[in-house]
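For reference, work20.pdb (PDB, C-alpha atoms and all ligand atoms):
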ATOM      1  CA  MET A   1     -18.972 -11.955  -3.616  1.00  0.00           C
ATOM      2  CA  LYS A   2     -16.842  -9.787  -5.874  1.00  0.00           C
ATOM      3  CA  PHE A   3     -13.068 -10.299  -5.780  1.00  0.00           C
ATOM      4  CA  PHE A   4     -10.802  -7.265  -5.771  1.00  0.00           C
ATOM      5  CA  VAL A   5      -7.067  -7.818  -5.851  1.00  0.00           C
ATOM      6  CA  ASP A   6      -5.069  -5.871  -3.300  1.00  0.00           C
ATOM      7  CA  THR A   7      -1.882  -4.988  -5.177  1.00  0.00           C
ATOM      8  CA  ALA A   8      -0.190  -2.532  -7.529  1.00  0.00           C
ATOM      9  CA  ASP A   9       1.678  -5.387  -9.255  1.00  0.00           C
ATOM     10  CA  THR A  10       0.340  -5.246 -12.820  1.00  0.00           C
ATOM     11  CA  ALA A  11       1.679  -8.680 -13.827  1.00  0.00           C
ATOM     12  CA  ALA A  12      -0.124 -10.322 -10.895  1.00  0.00           C
ATOM     13  CA  ILE A  13      -3.339  -8.448 -11.730  1.00  0.00           C
ATOM     14  CA  ALA A  14      -3.125  -9.507 -15.400  1.00  0.00           C
ATOM     15  CA  GLU A  15      -2.704 -13.188 -14.513  1.00  0.00           C
ATOM     16  CA  LEU A  16      -5.795 -13.251 -12.275  1.00  0.00           C
ATOM     17  CA  TYR A  17      -7.827 -10.992 -14.545  1.00  0.00           C
ATOM     18  CA  GLU A  18      -7.484 -13.407 -17.476  1.00  0.00           C
ATOM     19  CA  LEU A  19      -9.088 -16.082 -15.270  1.00  0.00           C
ATOM     20  CA  GLY A  20     -12.040 -13.862 -14.366  1.00  0.00           C
ATOM     21  CA  MET A  21     -10.853 -13.637 -10.760  1.00  0.00           C
ATOM     22  CA  VAL A  22     -10.626  -9.837 -10.647  1.00  0.00           C
ATOM     23  CA  ASP A  23     -13.700  -7.624 -10.340  1.00  0.00           C
ATOM     24  CA  GLY A  24     -11.625  -4.639  -9.247  1.00  0.00           C
ATOM     25  CA  VAL A  25      -8.337  -3.567  -7.671  1.00  0.00           C
ATOM     26  CA  THR A  26      -7.388  -1.845  -4.430  1.00  0.00           C
ATOM     27  CA  THR A  27      -4.128  -0.052  -3.755  1.00  0.00           C
ATOM     28  CA  ASN A  28      -2.766   1.957  -0.856  1.00  0.00           C
ATOM     29  CA  PRO A  29       0.393   4.037  -0.279  1.00  0.00           C
ATOM     30  CA  SER A  30       2.278   0.989   1.047  1.00  0.00           C
ATOM     31  CA  LEU A  31       1.418  -1.043  -2.061  1.00  0.00           C
ATOM     32  CA  ILE A  32       2.474   1.845  -4.331  1.00  0.00           C
ATOM     33  CA  HIS A  33       5.777   1.999  -2.418  1.00  0.00           C
ATOM     34  CA  LYS A  34       6.194  -1.778  -2.832  1.00  0.00           C
ATOM     35  CA  SER A  35       5.606  -1.491  -6.596  1.00  0.00           C
ATOM     36  CA  GLY A  36       8.444   1.042  -6.888  1.00  0.00           C
ATOM     37  CA  ARG A  37       6.379   2.905  -9.493  1.00  0.00           C
ATOM     38  CA  ASP A  38       4.898   6.383  -9.899  1.00  0.00           C
ATOM     39  CA  ILE A  39       1.355   6.426  -8.474  1.00  0.00           C
ATOM     40  CA  LYS A  40      -0.243   8.155 -11.448  1.00  0.00           C
ATOM     41  CA  GLU A  41       1.477   5.953 -13.997  1.00  0.00           C
ATOM     42  CA  VAL A  42       0.655   2.667 -12.272  1.00  0.00           C
ATOM     43  CA  ILE A  43      -2.963   3.560 -11.379  1.00  0.00           C
ATOM     44  CA  ALA A  44      -3.648   4.702 -14.961  1.00  0.00           C
ATOM     45  CA  GLU A  45      -2.211   1.432 -16.261  1.00  0.00           C
ATOM     46  CA  ILE A  46      -4.309  -0.679 -13.875  1.00  0.00           C
ATOM     47  CA  ALA A  47      -7.459   1.326 -14.686  1.00  0.00           C
ATOM     48  CA  GLN A  48      -6.907   0.540 -18.381  1.00  0.00           C
ATOM     49  CA  MET A  49      -6.365  -3.164 -17.664  1.00  0.00           C
ATOM     50  CA  VAL A  50      -9.513  -3.918 -15.653  1.00  0.00           C
ATOM     51  CA  ASP A  51     -13.166  -3.061 -16.080  1.00  0.00           C
ATOM     52  CA  GLY A  52     -14.068  -2.796 -12.385  1.00  0.00           C
ATOM     53  CA  PRO A  53     -13.324  -0.153  -9.747  1.00  0.00           C
ATOM     54  CA  VAL A  54      -9.670   0.696  -9.078  1.00  0.00           C
ATOM     55  CA  SER A  55      -9.077   2.287  -5.678  1.00  0.00           C
ATOM     56  CA  ALA A  56      -6.440   5.021  -5.509  1.00  0.00           C
ATOM     57  CA  GLU A  57      -5.745   6.429  -2.054  1.00  0.00           C
ATOM     58  CA  THR A  58      -5.390  10.082  -1.137  1.00  0.00           C
ATOM     59  CA  VAL A  59      -2.616  10.946   1.322  1.00  0.00           C
ATOM     60  CA  ALA A  60      -3.631  14.363   2.645  1.00  0.00           C
ATOM     61  CA  THR A  61      -5.136  14.496   6.129  1.00  0.00           C
ATOM     62  CA  ASP A  62      -7.123  17.727   5.706  1.00  0.00           C
ATOM     63  CA  TYR A  63     -10.446  17.927   3.862  1.00  0.00           C
ATOM     64  CA  GLU A  64      -9.518  20.537   1.223  1.00  0.00           C
ATOM     65  CA  THR A  65      -6.302  18.845   0.089  1.00  0.00           C
ATOM     66  CA  MET A  66      -7.953  15.414   0.237  1.00  0.00           C
ATOM     67  CA  VAL A  67     -10.669  16.596  -2.158  1.00  0.00           C
ATOM     68  CA  LYS A  68      -8.044  18.120  -4.491  1.00  0.00           C
ATOM     69  CA  GLU A  69      -6.091  14.853  -4.472  1.00  0.00           C
ATOM     70  CA  GLY A  70      -9.332  12.970  -5.086  1.00  0.00           C
ATOM     71  CA  HIS A  71     -10.010  15.067  -8.185  1.00  0.00           C
ATOM     72  CA  GLU A  72      -6.461  14.414  -9.377  1.00  0.00           C
ATOM     73  CA  VAL A  73      -6.568  10.620  -9.011  1.00  0.00           C
ATOM     74  CA  ALA A  74     -10.070  10.486 -10.521  1.00  0.00           C
ATOM     75  CA  LYS A  75      -8.548  11.817 -13.771  1.00  0.00           C
ATOM     76  CA  LEU A  76      -6.520   8.606 -14.111  1.00  0.00           C
ATOM     77  CA  GLY A  77      -9.452   6.577 -15.426  1.00  0.00           C
ATOM     78  CA  ASP A  78     -13.220   6.424 -15.573  1.00  0.00           C
ATOM     79  CA  ASN A  79     -13.277   3.520 -13.092  1.00  0.00           C
ATOM     80  CA  ILE A  80     -11.356   5.132 -10.221  1.00  0.00           C
ATOM     81  CA  ALA A  81     -12.681   4.790  -6.669  1.00  0.00           C
ATOM     82  CA  ILE A  82     -11.174   7.583  -4.580  1.00  0.00           C
ATOM     83  CA  LYS A  83      -9.922   6.151  -1.306  1.00  0.00           C
ATOM     84  CA  VAL A  84     -10.087   8.345   1.778  1.00  0.00           C
ATOM     85  CA  PRO A  85      -9.313   7.473   5.406  1.00  0.00           C
ATOM     86  CA  LEU A  86     -12.023   7.086   8.013  1.00  0.00           C
ATOM     87  CA  THR A  87     -11.327  10.362   9.806  1.00  0.00           C
ATOM     88  CA  TRP A  88     -13.691  13.305  10.230  1.00  0.00           C
ATOM     89  CA  ASP A  89     -12.005  15.090   7.314  1.00  0.00           C
ATOM     90  CA  GLY A  90     -12.160  11.853   5.326  1.00  0.00           C
ATOM     91  CA  LEU A  91     -15.919  11.632   5.901  1.00  0.00           C
ATOM     92  CA  LYS A  92     -16.323  15.231   4.759  1.00  0.00           C
ATOM     93  CA  ALA A  93     -14.298  14.461   1.635  1.00  0.00           C
ATOM     94  CA  CYS A  94     -16.412  11.331   1.080  1.00  0.00           C
ATOM     95  CA  LYS A  95     -19.612  13.379   1.231  1.00  0.00           C
ATOM     96  CA  GLN A  96     -18.228  15.962  -1.208  1.00  0.00           C
ATOM     97  CA  LEU A  97     -16.691  13.515  -3.705  1.00  0.00           C
ATOM     98  CA  SER A  98     -19.612  11.061  -3.704  1.00  0.00           C
ATOM     99  CA  GLY A  99     -21.969  14.033  -4.153  1.00  0.00           C
ATOM    100  CA  GLU A 100     -19.999  14.930  -7.279  1.00  0.00           C
ATOM    101  CA  GLY A 101     -20.662  11.430  -8.605  1.00  0.00           C
ATOM    102  CA  HIS A 102     -17.300   9.809  -7.828  1.00  0.00           C
ATOM    103  CA  MET A 103     -16.964   6.323  -6.361  1.00  0.00           C
ATOM    104  CA  VAL A 104     -15.488   6.628  -2.871  1.00  0.00           C
ATOM    105  CA  ASN A 105     -13.843   3.874  -0.837  1.00  0.00           C
ATOM    106  CA  VAL A 106     -13.583   4.786   2.852  1.00  0.00           C
ATOM    107  CA  THR A 107     -10.628   2.899   4.249  1.00  0.00           C
ATOM    108  CA  LEU A 108      -9.057   2.077   7.621  1.00  0.00           C
ATOM    109  CA  CYS A 109     -12.410   1.142   9.187  1.00  0.00           C
ATOM    110  CA  PHE A 110     -12.142  -0.657  12.514  1.00  0.00           C
ATOM    111  CA  SER A 111     -15.587  -0.243  14.094  1.00  0.00           C
ATOM    112  CA  ALA A 112     -19.274  -0.572  13.279  1.00  0.00           C
ATOM    113  CA  ASN A 113     -19.857   3.071  14.202  1.00  0.00           C
ATOM    114  CA  GLN A 114     -17.219   4.182  11.704  1.00  0.00           C
ATOM    115  CA  ALA A 115     -18.958   2.092   9.032  1.00  0.00           C
ATOM    116  CA  LEU A 116     -22.306   3.670   9.912  1.00  0.00           C
ATOM    117  CA  LEU A 117     -20.845   7.156   9.461  1.00  0.00           C
ATOM    118  CA  ALA A 118     -19.271   6.219   6.111  1.00  0.00           C
ATOM    119  CA  ALA A 119     -22.639   4.987   4.813  1.00  0.00           C
ATOM    120  CA  LYS A 120     -24.304   8.219   5.962  1.00  0.00           C
ATOM    121  CA  ALA A 121     -21.575  10.161   4.116  1.00  0.00           C
ATOM    122  CA  GLY A 122     -22.430   8.338   0.870  1.00  0.00           C
ATOM    123  CA  ALA A 123     -19.487   5.931   0.619  1.00  0.00           C
ATOM    124  CA  THR A 124     -19.587   3.505  -2.304  1.00  0.00           C
ATOM    125  CA  PHE A 125     -17.369   1.075  -0.377  1.00  0.00           C
ATOM    126  CA  ILE A 126     -16.464   0.701   3.282  1.00  0.00           C
ATOM    127  CA  SER A 127     -13.207  -1.135   3.948  1.00  0.00           C
ATOM    128  CA  PRO A 128     -13.110  -2.866   7.351  1.00  0.00           C
ATOM    129  CA  PHE A 129      -9.620  -4.272   8.014  1.00  0.00           C
ATOM    130  CA  ILE A 130     -10.013  -7.863   9.203  1.00  0.00           C
ATOM    131  CA  GLY A 131      -6.367  -8.928   9.504  1.00  0.00           C
ATOM    132  CA  ARG A 132      -5.224  -5.890  11.458  1.00  0.00           C
ATOM    133  CA  LEU A 133      -7.996  -6.492  14.034  1.00  0.00           C
ATOM    134  CA  ASP A 134      -7.079 -10.182  14.250  1.00  0.00           C
ATOM    135  CA  ASP A 135      -3.440  -9.121  14.787  1.00  0.00           C
ATOM    136  CA  MET A 136      -4.616  -7.340  17.973  1.00  0.00           C
ATOM    137  CA  ASN A 137      -6.434 -10.424  19.235  1.00  0.00           C
ATOM    138  CA  LEU A 138      -9.778  -8.916  18.205  1.00  0.00           C
ATOM    139  CA  ASP A 139     -12.278 -10.542  15.842  1.00  0.00           C
ATOM    140  CA  GLY A 140     -12.162  -8.911  12.415  1.00  0.00           C
ATOM    141  CA  MET A 141     -14.883 -11.169  11.037  1.00  0.00           C
ATOM    142  CA  GLU A 142     -17.276 -10.139  13.821  1.00  0.00           C
ATOM    143  CA  LEU A 143     -16.940  -6.570  12.554  1.00  0.00           C
ATOM    144  CA  ILE A 144     -17.929  -7.649   9.026  1.00  0.00           C
ATOM    145  CA  ALA A 145     -21.013  -9.399  10.480  1.00  0.00           C
ATOM    146  CA  ASP A 146     -21.959  -6.332  12.557  1.00  0.00           C
ATOM    147  CA  ILE A 147     -21.690  -4.007   9.570  1.00  0.00           C
ATOM    148  CA  ARG A 148     -23.727  -6.436   7.432  1.00  0.00           C
ATOM    149  CA  ASP A 149     -26.510  -6.392  10.058  1.00  0.00           C
ATOM    150  CA  ILE A 150     -26.490  -2.606  10.392  1.00  0.00           C
ATOM    151  CA  TYR A 151     -26.464  -1.919   6.647  1.00  0.00           C
ATOM    152  CA  ASP A 152     -29.235  -4.472   6.061  1.00  0.00           C
ATOM    153  CA  ASN A 153     -31.352  -3.045   8.906  1.00  0.00           C
ATOM    154  CA  TYR A 154     -31.541   0.297   7.128  1.00  0.00           C
ATOM    155  CA  GLY A 155     -30.991  -0.580   3.481  1.00  0.00           C
ATOM    156  CA  PHE A 156     -27.693   1.292   3.132  1.00  0.00           C
ATOM    157  CA  GLU A 157     -26.264   0.779  -0.346  1.00  0.00           C
ATOM    158  CA  THR A 158     -22.632   1.164   0.702  1.00  0.00           C
ATOM    159  CA  GLN A 159     -20.815  -2.031  -0.246  1.00  0.00           C
ATOM    160  CA  ILE A 160     -18.877  -3.904   2.427  1.00  0.00           C
ATOM    161  CA  LEU A 161     -15.369  -4.417   1.086  1.00  0.00           C
ATOM    162  CA  ALA A 162     -13.628  -6.875   3.425  1.00  0.00           C
ATOM    163  CA  ALA A 163      -9.984  -5.756   3.489  1.00  0.00           C
ATOM    164  CA  SER A 164      -6.720  -6.714   5.167  1.00  0.00           C
ATOM    165  CA  ILE A 165      -7.422 -10.302   4.173  1.00  0.00           C
ATOM    166  CA  ARG A 166      -4.576 -12.595   5.148  1.00  0.00           C
ATOM    167  CA  SER A 167      -5.794 -16.129   4.438  1.00  0.00           C
ATOM    168  CA  PRO A 168      -8.166 -18.210   2.268  1.00  0.00           C
ATOM    169  CA  ASN A 169     -10.208 -18.749   5.425  1.00  0.00           C
ATOM    170  CA  HIS A 170     -10.856 -14.999   5.609  1.00  0.00           C
ATOM    171  CA  MET A 171     -12.259 -15.165   2.063  1.00  0.00           C
ATOM    172  CA  SER A 172     -14.758 -17.954   2.752  1.00  0.00           C
ATOM    173  CA  GLU A 173     -15.783 -16.474   6.114  1.00  0.00           C
ATOM    174  CA  ALA A 174     -16.381 -13.054   4.524  1.00  0.00           C
ATOM    175  CA  ALA A 175     -18.437 -14.724   1.778  1.00  0.00           C
ATOM    176  CA  LYS A 176     -20.527 -16.651   4.345  1.00  0.00           C
ATOM    177  CA  ILE A 177     -21.334 -13.437   6.204  1.00  0.00           C
ATOM    178  CA  GLY A 178     -22.290 -11.700   2.974  1.00  0.00           C
ATOM    179  CA  ALA A 179     -19.526  -9.160   2.397  1.00  0.00           C
ATOM    180  CA  ASP A 180     -20.196  -7.590  -1.012  1.00  0.00           C
ATOM    181  CA  VAL A 181     -16.522  -7.595  -1.957  1.00  0.00           C
ATOM    182  CA  ALA A 182     -13.287  -8.990  -0.563  1.00  0.00           C
ATOM    183  CA  THR A 183      -9.911  -7.607  -1.504  1.00  0.00           C
ATOM    184  CA  ALA A 184      -6.972  -9.939  -1.115  1.00  0.00           C
ATOM    185  CA  PRO A 185      -3.338 -10.142  -2.178  1.00  0.00           C
ATOM    186  CA  PRO A 186      -2.839 -12.283  -5.319  1.00  0.00           C
ATOM    187  CA  GLU A 187      -1.106 -15.034  -3.337  1.00  0.00           C
ATOM    188  CA  VAL A 188      -4.138 -15.454  -1.032  1.00  0.00           C
ATOM    189  CA  ILE A 189      -6.490 -15.773  -4.033  1.00  0.00           C
ATOM    190  CA  LYS A 190      -4.204 -18.439  -5.532  1.00  0.00           C
ATOM    191  CA  LYS A 191      -3.992 -20.295  -2.206  1.00  0.00           C
ATOM    192  CA  MET A 192      -7.790 -20.681  -2.258  1.00  0.00           C
ATOM    193  CA  ALA A 193      -7.332 -23.383  -4.921  1.00  0.00           C
ATOM    194  CA  GLY A 194      -5.190 -25.562  -2.673  1.00  0.00           C
ATOM    195  CA  HIS A 195      -6.221 -28.546  -0.575  1.00  0.00           C
ATOM    196  CA  PRO A 196      -3.931 -31.347   0.673  1.00  0.00           C
ATOM    197  CA  LEU A 197      -6.558 -33.975  -0.181  1.00  0.00           C
ATOM    198  CA  THR A 198      -6.615 -32.680  -3.774  1.00  0.00           C
ATOM    199  CA  ASP A 199      -2.823 -33.112  -3.959  1.00  0.00           C
ATOM    200  CA  LYS A 200      -2.975 -36.548  -2.352  1.00  0.00           C
ATOM    201  CA  GLY A 201      -5.830 -37.724  -4.568  1.00  0.00           C
ATOM    202  CA  LEU A 202      -4.126 -36.475  -7.711  1.00  0.00           C
ATOM    203  CA  ALA A 203      -0.875 -38.246  -6.798  1.00  0.00           C
ATOM    204  CA  ALA A 204      -2.767 -41.540  -6.284  1.00  0.00           C
ATOM    205  CA  PHE A 205      -4.630 -41.193  -9.590  1.00  0.00           C
ATOM    206  CA  LEU A 206      -1.411 -40.459 -11.469  1.00  0.00           C
ATOM    207  CA  ASP A 207       0.308 -43.404  -9.814  1.00  0.00           C
ATOM    208  CA  ASP A 208      -2.455 -45.799 -10.969  1.00  0.00           C
ATOM    209  CA  TRP A 209      -2.534 -44.169 -14.382  1.00  0.00           C
ATOM    210  CA  ALA A 210       1.184 -44.839 -14.862  1.00  0.00           C
ATOM    211  CA  LYS A 211       0.507 -48.525 -14.165  1.00  0.00           C
ATOM    212  CA  THR A 212      -1.968 -48.724 -17.073  1.00  0.00           C
ATOM    213  CA  GLY A 213       0.763 -47.840 -19.570  1.00  0.00           C
ATOM    214  CA  GLN A 214      -1.787 -45.775 -21.488  1.00  0.00           C
ATOM    215  CA  SER A 215      -1.643 -42.191 -22.801  1.00  0.00           C
ATOM    216  CA  ILE A 216      -4.482 -39.871 -23.737  1.00  0.00           C
ATOM    217  CA  LEU A 217      -2.585 -37.905 -26.397  1.00  0.00           C
TER     218      LEU A 217
HETATM  219  C1  LIG B   1      -7.212  -2.534   1.227  1.00  0.00           C
HETATM  220  O1  LIG B   1      -7.820  -1.637   0.716  1.00  0.00           O
HETATM  221  C2  LIG B   1      -6.142  -2.337   2.202  1.00  0.00           C
HETATM  222  O2  LIG B   1      -5.281  -1.391   1.698  1.00  0.00           O
HETATM  223  C3  LIG B   1      -5.419  -3.617   2.504  1.00  0.00           C
HETATM  224  O3  LIG B   1      -6.323  -4.701   2.434  1.00  0.00           O
HETATM  225  C4  LIG B   1      -4.646  -3.582   3.786  1.00  0.00           C
HETATM  226  O4  LIG B   1      -4.116  -4.852   4.054  1.00  0.00           O
HETATM  227  P1  LIG B   1      -2.986  -5.112   5.144  1.00  0.00           P
HETATM  228  O5  LIG B   1      -3.566  -4.915   6.504  1.00  0.00           O
HETATM  229  O6  LIG B   1      -2.571  -6.536   4.919  1.00  0.00           O
HETATM  230  O7  LIG B   1      -1.891  -4.136   4.856  1.00  0.00           O
END

Conversion result in structure tokens:
Amino acid sequence: MKFFVDTADTAAIAELYELGMVDGVTTNPSLIHKSGRDIKEVIAEIAQMVDGPVSAETVATDYETMVKEGHEVAKLGDNIAIKVPLTWDGLKACKQLSGEGHMVNVTLCFSANQALLAAKAGATFISPFIGRLDDMNLDGMELIADIRDIYDNYGFETQILAASIRSPNHMSEAAKIGADVATAPPEVIKKMAGHPLTDKGLAAFLDDWAKTGQSIL
């Protein structure tokens, strides 16, 4: 499973990228707002930093303006995935932009039918939002499994990009189901390294080591 990092924080991206933990980056208008930076400046910087796809989201709700915005953000790097919402106009924009050869990430997907339409419209990535479904007492991971089945049934090449990831558990569950990509905030990726038994075991080893009076260096 590829790891995308869901942030516009360039320092956090750089730290994970050096460790080989970043295959791409996703952003959205909320993350741009959180960064406090100009969208074009920050997306161009991120696109320079990483080799993989960098999603930049359009904000128009009508097809024509969405396509114009898509063309504009695509100029920010040769690895830009244009992000459009899963609306009827968004699907039309997806069809147009993917037909022109751009990578397109169709976002705000909450149902298997929406994912089916995005694949038909030529999406490079479909972004089902796990956490926001879980927040409503629905099962976000079930949606990932349904989309996996549907795409595999018909050989759709659209990549399932598990989004709205809130916990390390979401990452391993998405990987078990076979999501192609998961995008998570940097802190969730770091949390994946943690286990209380690792901490406990390390403390015991260090305690015994101190008793030996030895040093390695
Ligand atoms: C990814 O593309 C989405 O923008 C992101 O994962 C949304 O996450 P949230 O539901 O935690 O805001």

Show me which residues are within 8 Å of ligand LIG 1 (chain B) counting all atoms listed in the file, and format the list as JSON, numbers by chain.
{"A": [6, 26, 27, 28, 30, 31, 55, 107, 108, 127, 129, 130, 131, 132, 162, 163, 164, 165, 166, 183, 184, 185]}

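Atom to atom, CA of Ile32 in chain A and CA of Glu69 in chain A stand 15.6 Å apart.
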
Residues at most 7 Å from range 101-105 of chain A, counting all atoms listed in the file, excluding those fewer than 4 positions away in the same chain, as a PDB file with C-alpha atoms, in the frame of the given file?
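Contents of result12.pdb, as written:
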ATOM      1  CA  SER A  55      -9.077   2.287  -5.678  1.00  0.00           C
ATOM      2  CA  ILE A  80     -11.356   5.132 -10.221  1.00  0.00           C
ATOM      3  CA  ALA A  81     -12.681   4.790  -6.669  1.00  0.00           C
ATOM      4  CA  ILE A  82     -11.174   7.583  -4.580  1.00  0.00           C
ATOM      5  CA  LYS A  83      -9.922   6.151  -1.306  1.00  0.00           C
ATOM      6  CA  VAL A  84     -10.087   8.345   1.778  1.00  0.00           C
ATOM      7  CA  CYS A  94     -16.412  11.331   1.080  1.00  0.00           C
ATOM      8  CA  LEU A  97     -16.691  13.515  -3.705  1.00  0.00           C
ATOM      9  CA  ALA A 123     -19.487   5.931   0.619  1.00  0.00           C
ATOM     10  CA  THR A 124     -19.587   3.505  -2.304  1.00  0.00           C
ATOM     11  CA  PHE A 125     -17.369   1.075  -0.377  1.00  0.00           C
ATOM     12  CA  ILE A 126     -16.464   0.701   3.282  1.00  0.00           C
ATOM     13  CA  SER A 127     -13.207  -1.135   3.948  1.00  0.00           C
TER      14      SER A 127
END

Determine the residue membership of the PyMOL selection byres (((chain A and resi 150) around 12) and not hetatm) for the file above and supply it as a ChimeraX atom specification.
/A:111-117,119-120,143-149,151-158,160

If the PyMOL selection byres (((chain A and resi 61) around 12) and not hetatm) is run on the structure shown, which residues does it catch, given as a PyMOL selection string?
chain A and resi 57-60+62-69+84-93

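Evaluated against the shown file, the PyMOL selection byres (((chain A and resi 169) around 12) and not hetatm) gives A:Ile130, A:Gly131, A:Met141, A:Ile165, A:Arg166, A:Ser167, A:Pro168, A:His170, A:Met171, A:Ser172, A:Glu173, A:Ala174, A:Ala175, A:Lys176, A:Ala182, A:Ala184, A:Val188, A:Ile189, A:Lys191, A:Met192, A:Ala193, A:Gly194.
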
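Picture a line from CA of Lys34 in chain A to CA of Asp9 in chain A; it runs 8.6 Å.
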
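If you measure from each of A:Leu76, A:Ala56, A:Ala203, A:Ile13 to Ala44 in chain A using all atoms listed in the file, the closest one turns out to be A:Leu76.
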
For Met1 in chain A, which residue out of A:Leu197, A:Val22, A:Ile43, A:Met136 is the nearest one, using all atoms listed in the file?
A:Val22

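Between CA of Val73 in chain A and CA of Met49 in chain A there is a distance of 16.3 Å.
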
With 6 Å of padding per side, what axis-aligned box (centre and edge lengths, Å, one decimal) covers all the listed atoms of range 25-32 of chain A? Give it as AutoDock Vina command-line options.
--center_x -2.9 --center_y 0.2 --center_z -3.3 --size_x 22.8 --size_y 19.6 --size_z 20.7
